[in-house]
Structure formats: C-alpha cells, structure tokens
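One structure is given here, and the rest of the page talks about it.
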Amino acid sequence: MIRTLLFDLDGTLVDTEHHHYQAFEITFGRLGVVFDRNIYDSRILGGATTAIAAEFLPHLPTDARMQVMEDKEALYREMLTDLVPLPGVLEFLDLAERMGLRRAVVTNAPFANAEKVLTGAGILDRFEGIISAAELSDAKPHPLPYLTGLELLGGRPETTIAFEDSRAGLRSAVAAGLTVVGIETVLSRQEILDLGAALAVADYRDPRILDLLENVPSGPEAGCPSGHAALATAETSD
C-alpha cells in the first residue's frame with residue numbers, strides 16, 4: 001500500500017508554465033538572449049536555476065547571472081494571477097486525505113514561488129511541507145530533492161508515489177527509487193514512460209492512478225481493475 005505522496009509543483013499541480021515562459025522571455029530578452037518554445041521545453045523546463053543560468057548566461061559573472069535569475073523569479077511572482085489546480089487535483093487530494101496519506105511538494109522553484117503558487121491555488125494547507133531544491137546542495141535531476149521529501153515525511157521509496165511533468169523531475173524521482181506518475185502537461189506519453197514513469201496520464205482523473213495506491217507496479221502502464229471501483233468510491237463518498 002502507498003503511504004506517501006510527493007508532488008512537483010509547476011505543471012504538475014498548477015499550470016504555471018506560461019508564466020515562467022513569459023518571465024524568461026522578458027528577462028532574458030533584455031540581455032539579447034532569445035529562445036523559442038522548443039528550446040524552453042527541452043532545455044529550461046524543470047531545470048535547476050544554476051544550470052539554466054550557466055547555459056544561457058555564460059558571458060556574465062556568476063553573481064550577475066544569479067541576479068538575472070532572481071529578477072526573473074520576481075517578475076514571475078508578479079504575473080501569478082487566477083491560479084487554479086489542474087483537473088482532478090482537488091478531488092485526488094481529498095481522497096489522499098481520507099486515506100491518511102502524507103503529502104509534500106518537491107520543487108526546483110524557490111520557496112517563495114512555491115508558497116505563492118500553492119496559496120494562490122488554495123491548496124497550501126493540503127501539504128505537510130515544501131521541499132525547495134533551491135535550498136539544497138543538488139536540484140533535480142539529482143535524486144536529493146525527492147530523498148529529502150521522503151525524509152521530511154518519514155516515507156520509504158517502495159511505498160511512495162511521485163507526480164512529475166518535466167524531464168529533470170522524472171529523472172530525479174526515478175533515481176530516488178519512487179513509483180512515478182507523469183502528468184502529460186508538456187512531454188508526450190511515450191517520453192514520460194521512456195524516462196521511467198510507471199504511468200503517463202492526462203490528469204488526476206485517470207483511474208489507473210488510484211490502482212497505484214494499492215498496487216506498486218512492476219512496469220510501465222501497470223494497473224488493475226480495482227482502481228475503477230476506487231474512483232467510484234471517491235466520487236460518491238463526500
């Protein structure tokens with residue numbers, strides 16, 4: 001039985017990627033750094049701040065690079081309005097709470113970003129804590145952020161599900177030994193599975209997620225019919 005749930009934030013709980021893209025476009029544009037959506041999705045999305053700065057701002061001293069990144073994050077926070085959780089998130093969190101599953105957010109974003117997004121979406125109090133990789137020695141795709149999340153909640157890899165949407169995040173959670181559900185916010189279903197996820201789903205309404213609460217999968221797309229019964233129970237038990 002699953003006991004612990006760890007969630008990425010941007011693109012996994014709340015769709016904020018367009019805000020990030022716009023903030024990068026404006027901030028980097030001031031310095032003549034131009035990129036498109038394909039570059040963003042493949043080389044920026046979900047990445048660590050220091051790695052992004054090193055790749056796109058190599059002409060700047062380290063302190064100047066990080067100031068640019070801080071400016072980008074401040075602009076991003078100013079843009080955050082009308083935030084809503086992704087489809088099925090609220091219902092799934094309700095179910096997790098009824099089942100007594102411990103929950104935390106694990107993100108590469110600065111703590112201030114995560115707190116504002118969760119507050120704006122009305123779900124800050126649904127989690128026991130926020131792990132910000134910006135405060136750790138290693139960010140995703142290193143497994144440390146998810147291992148730190150396990151430590152926070154007293155969880156074990158074999159009884160934990162992680163929810164992710166980016167390459168870096170999927171690699172991090174898989175490397176930490178977790179069962180991973182990939183949300184198809186940006187990546188294709190096949191790429192999510194190729195990166196080691198047990199499931200690739202459009203959103204949290206997919207009943208196969210509920211199967212994982214009872215059965216740790218033995219391979220990609222594993223599941224069982226009992227998840228459909230769990231979904232029916234969840235929808236009628238309020």
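In the structure tokens, each chain is lettered A, B, ... as it comes, each chain's residues begin at 1, and ligands are numbered from 1 in order of appearance.
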
Item to check | All strand (DSSP E or B) residues (DSSP, backbone) inside region 40-116 of chain A, as a ChimeraX atom specification | outcome: /A:85,102-107

Item to check | Residues flagged alpha helix (DSSP H) by DSSP in region 12-148 of chain A, as a PyMOL selection string | outcome: chain A and resi 17-29+37-39+49-56+62-79+89-98+111-120+144-148

Next on the checklist: Please list as an MDAnalysis selection string every residue within 10 Å of region 21-34 of chain A, counting only C-alpha atoms and excluding residues in the same chain fewer than 5 positions away.
Outcome noted: chainID A and resid 16 39:41 44:45 56:57 68:79

Next on the checklist: Report, in Å to a single decimal, how far apart CA of Val180 (chain A) and CA of Ala96 (chain A) are.
Outcome noted: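 Distance between the two atoms: 16.2 Å.
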
Checklist entry - Got a sec: who's within 12 Å of Phe7 (chain A), counting only C-alpha atoms, leaving out chain neighbours fewer than 6 positions off, as a ChimeraX atom specification? => result /A:13-14,89,93,102-108,114,118,126-132,145-146,149-150,160-166,169-170,173,178-183,204

Next on the checklist: Calculated over only C-alpha atoms, which of the candidates A:Gly11, A:Gly100, A:Gly120, A:Pro61 has the smallest distance to Leu80 (chain A)?
Outcome noted: A:Gly120

Next on the checklist: What does the structure give for the distance between CA of Met1 (chain A) and CA of Glu158 (chain A), in Å to one decimal?
Outcome noted: 9.1 Å

Item to check | Interatomic distance, CA of Ile192 (chain A) to CA of Gly154 (chain A) (Å, one decimal) | outcome: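 So the answer is 27.1 Å.
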